[in-house]
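Undergrad: Take a look at the following structure, please.
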Amino acid sequence: RPQTKMGTPFQGDGPPVASPDSPDSGSMDSGNLHAYPSLRDQPGWLGPACSNTLNLSICVLGASGDLAKKKTYPALLQLFTKGFLPPRTQIVGYARTAMSVQELHERLRPHLQGAGVEAAEVARFLQLCTYMHGDYAAPEGYQALGRMLTQWEGHHEEGCSPLVGRLFYLALPPTVYPEVCAGLKHHVGELYAGARPAKSWIRIICEKPFGMDLASSEVLAGQIGALWPEDNLYRIDHYLG
């Protein structure tokens, strides 16, 4: 996939190839933003037994909603077309709506084809996208999601301790964040047992602002923080999301 000034796309197996027009991992020239080093630039990010870079599961909770089809999935498509998703990525939609994977694809397709991407590229992106439905307040759906992710993460080279990432994007009303974060913590918070423990990760993306005022926002932040360490939580503005 092409290099872009946004950074270094994933190059498949082996270490990433530096982009000639990308800034280095230090500070940029005076007056510009600070360029933070990518995780891919850290020593030892690739294990000696593994040729893959990252086995990444992106879980879009609220996948049947307006935000997901109009904003979240088109943004993921752009990352895909620019080469910023690892070679082994799956995108799992989760919502209460009962529908098939094909029905999800048909919901998404008009919004993806309108993003200036060729139809063939959209079709390749949709091959990454699957779907399962479940409740946000009951454990069964989360348990099924956890089993699905663990099974997928377990497919790797023999003798390999894979690098695993789970990214949960909450395309949901903030009022359900606490119960969803609790469901993820209790039922989807354990990575595949054979994953590389020091480098594998779980991240939860919450859109902000949330709450009706400062007091309610602090209560909500406290509820989420009681479930997940700060290192697992990423807050993003609604429109940037």
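Labeling convention for the structure tokens: chains A, B, ... as they appear, residues from 1 per chain, ligands from 1 in order of appearance.
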Among the residues of stretch 134-200 of chain A, find those DSSP assigns to strand (DSSP E) from the backbone and print them as an MDAnalysis selection string.

TA: chainID A and resid 164:170

Undergrad: Write the selection just made, keeping N, CA, C and O atoms, as an mmCIF file, in the first residue's frame?

TA:
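result-v3.cif, written as the output of this step:
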data_model
loop_
_atom_site.group_PDB
_atom_site.id
_atom_site.type_symbol
_atom_site.label_atom_id
_atom_site.label_comp_id
_atom_site.auth_asym_id
_atom_site.auth_seq_id
_atom_site.Cartn_x
_atom_site.Cartn_y
_atom_site.Cartn_z
ATOM 1 N N VAL A 164 -0.977 -9.585 20.083
ATOM 2 C CA VAL A 164 -2.434 -9.501 19.953
ATOM 3 C C VAL A 164 -2.911 -8.137 20.452
ATOM 4 O O VAL A 164 -2.435 -7.632 21.463
ATOM 5 N N GLY A 165 -3.845 -7.567 19.718
ATOM 6 C CA GLY A 165 -4.474 -6.327 20.145
ATOM 7 C C GLY A 165 -5.986 -6.409 20.006
ATOM 8 O O GLY A 165 -6.490 -6.947 19.014
ATOM 9 N N ARG A 166 -6.685 -5.904 21.017
ATOM 10 C CA ARG A 166 -8.139 -5.771 20.951
ATOM 11 C C ARG A 166 -8.489 -4.303 21.153
ATOM 12 O O ARG A 166 -8.158 -3.707 22.172
ATOM 13 N N LEU A 167 -9.144 -3.727 20.168
ATOM 14 C CA LEU A 167 -9.556 -2.336 20.242
ATOM 15 C C LEU A 167 -11.078 -2.287 20.226
ATOM 16 O O LEU A 167 -11.711 -2.724 19.262
ATOM 17 N N PHE A 168 -11.655 -1.765 21.295
ATOM 18 C CA PHE A 168 -13.107 -1.657 21.412
ATOM 19 C C PHE A 168 -13.512 -0.199 21.203
ATOM 20 O O PHE A 168 -13.135 0.671 21.985
ATOM 21 N N TYR A 169 -14.265 0.043 20.139
ATOM 22 C CA TYR A 169 -14.744 1.396 19.850
ATOM 23 C C TYR A 169 -16.207 1.471 20.264
ATOM 24 O O TYR A 169 -17.054 0.752 19.726
ATOM 25 N N LEU A 170 -16.504 2.359 21.207
ATOM 26 C CA LEU A 170 -17.861 2.467 21.740
ATOM 27 C C LEU A 170 -18.644 3.495 20.926
ATOM 28 O O LEU A 170 -18.677 4.678 21.255
#

Undergrad: Within 7 Å of A:Pro178, counting only C-alpha atoms, which residues qualify if same-chain residues fewer than 4 places away don't, as a list of chain:residue names?

TA: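 Selected residues are A:Ala182, A:Gln223, A:Ile224.
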
Undergrad: To test your reading of the structure, identify every residue in stretch 25-234 of chain A that backbone DSSP assigns to alpha helix (DSSP H), and report it as a PyMOL selection string.

TA: chain A and resi 66-67+73-81+101-113+119-126+139-153+177-187+214-225

Undergrad: Can you build me a table of stretch 191-214 of chain A residues sitting at most 8 Å from stretch 232-238 of chain A, with the closest atom pair per residue and its distance in Å to one decimal, using only C-alpha atoms, sorted by chain and residue number, as CSV?

TA:
residue,atom,partner,partner_atom,distance
A:Ile202,CA,A:Asn232,CA,6.2
A:Arg203,CA,A:Asn232,CA,4.7
A:Ile204,CA,A:Leu233,CA,5.1
A:Ile205,CA,A:Tyr234,CA,4.7
A:Cys206,CA,A:Arg235,CA,4.9
A:Glu207,CA,A:Ile236,CA,4.9
A:Lys208,CA,A:Asp237,CA,5.0
A:Pro209,CA,A:Asp237,CA,6.8

Undergrad: Let's have the selection written as a CSV table (one decimal), in the first residue's frame, with C-alpha atoms.

TA:
chain,number,residue,atom,x,y,z
A,202,ILE,CA,-6.6,-4.0,25.1
A,203,ARG,CA,-7.8,-0.5,24.3
A,204,ILE,CA,-11.2,1.1,24.7
A,205,ILE,CA,-12.1,4.2,22.8
A,206,CYS,CA,-14.7,6.4,24.4
A,207,GLU,CA,-16.2,9.4,22.7
A,208,LYS,CA,-16.3,12.7,24.6
A,209,PRO,CA,-17.7,15.0,25.9

Undergrad: Sorted by chain and rising residue number, which residues of stretch 140-178 of chain A lie within 9 Å of stretch 92-112 of chain A, and what are their closest atom pairs and distances in Å to one decimal, counting only C-alpha atoms, as a Markdown table?

TA:
| residue | atom | partner | partner_atom | distance |
| --- | --- | --- | --- | --- |
| A:Gly141 | CA | A:Tyr94 | CA | 8.8 |
| A:Leu145 | CA | A:Tyr94 | CA | 8.3 |
| A:Leu149 | CA | A:Val92 | CA | 9.0 |

Undergrad: With only C-alpha atoms as the basis for distance, which of A:Lys185, A:His156, A:Gly83, A:Cys59 is at the shortest distance from A:Gln143?

TA: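 Answer, going by the shortest atom-to-atom distance: A:Lys185.
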
Undergrad: Could you work out how far atom CA of A:Leu56 lies from atom CA of A:Ala123, giving the answer in Å with one decimal?

TA: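 Straight-line distance from atom CA of A:Ala123 to atom CA of A:Leu56 works out to 19.5 Å.
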
Undergrad: Interatomic distance between atom CA of A:Thr150 and atom CA of A:Ser57?

TA: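 Straight-line distance from atom CA of A:Thr150 to atom CA of A:Ser57 works out to 10.0 Å.
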
Undergrad: In Å, how far is it from atom CA of A:Glu140 to atom CA of A:Ser217?

TA: 28.9 Å
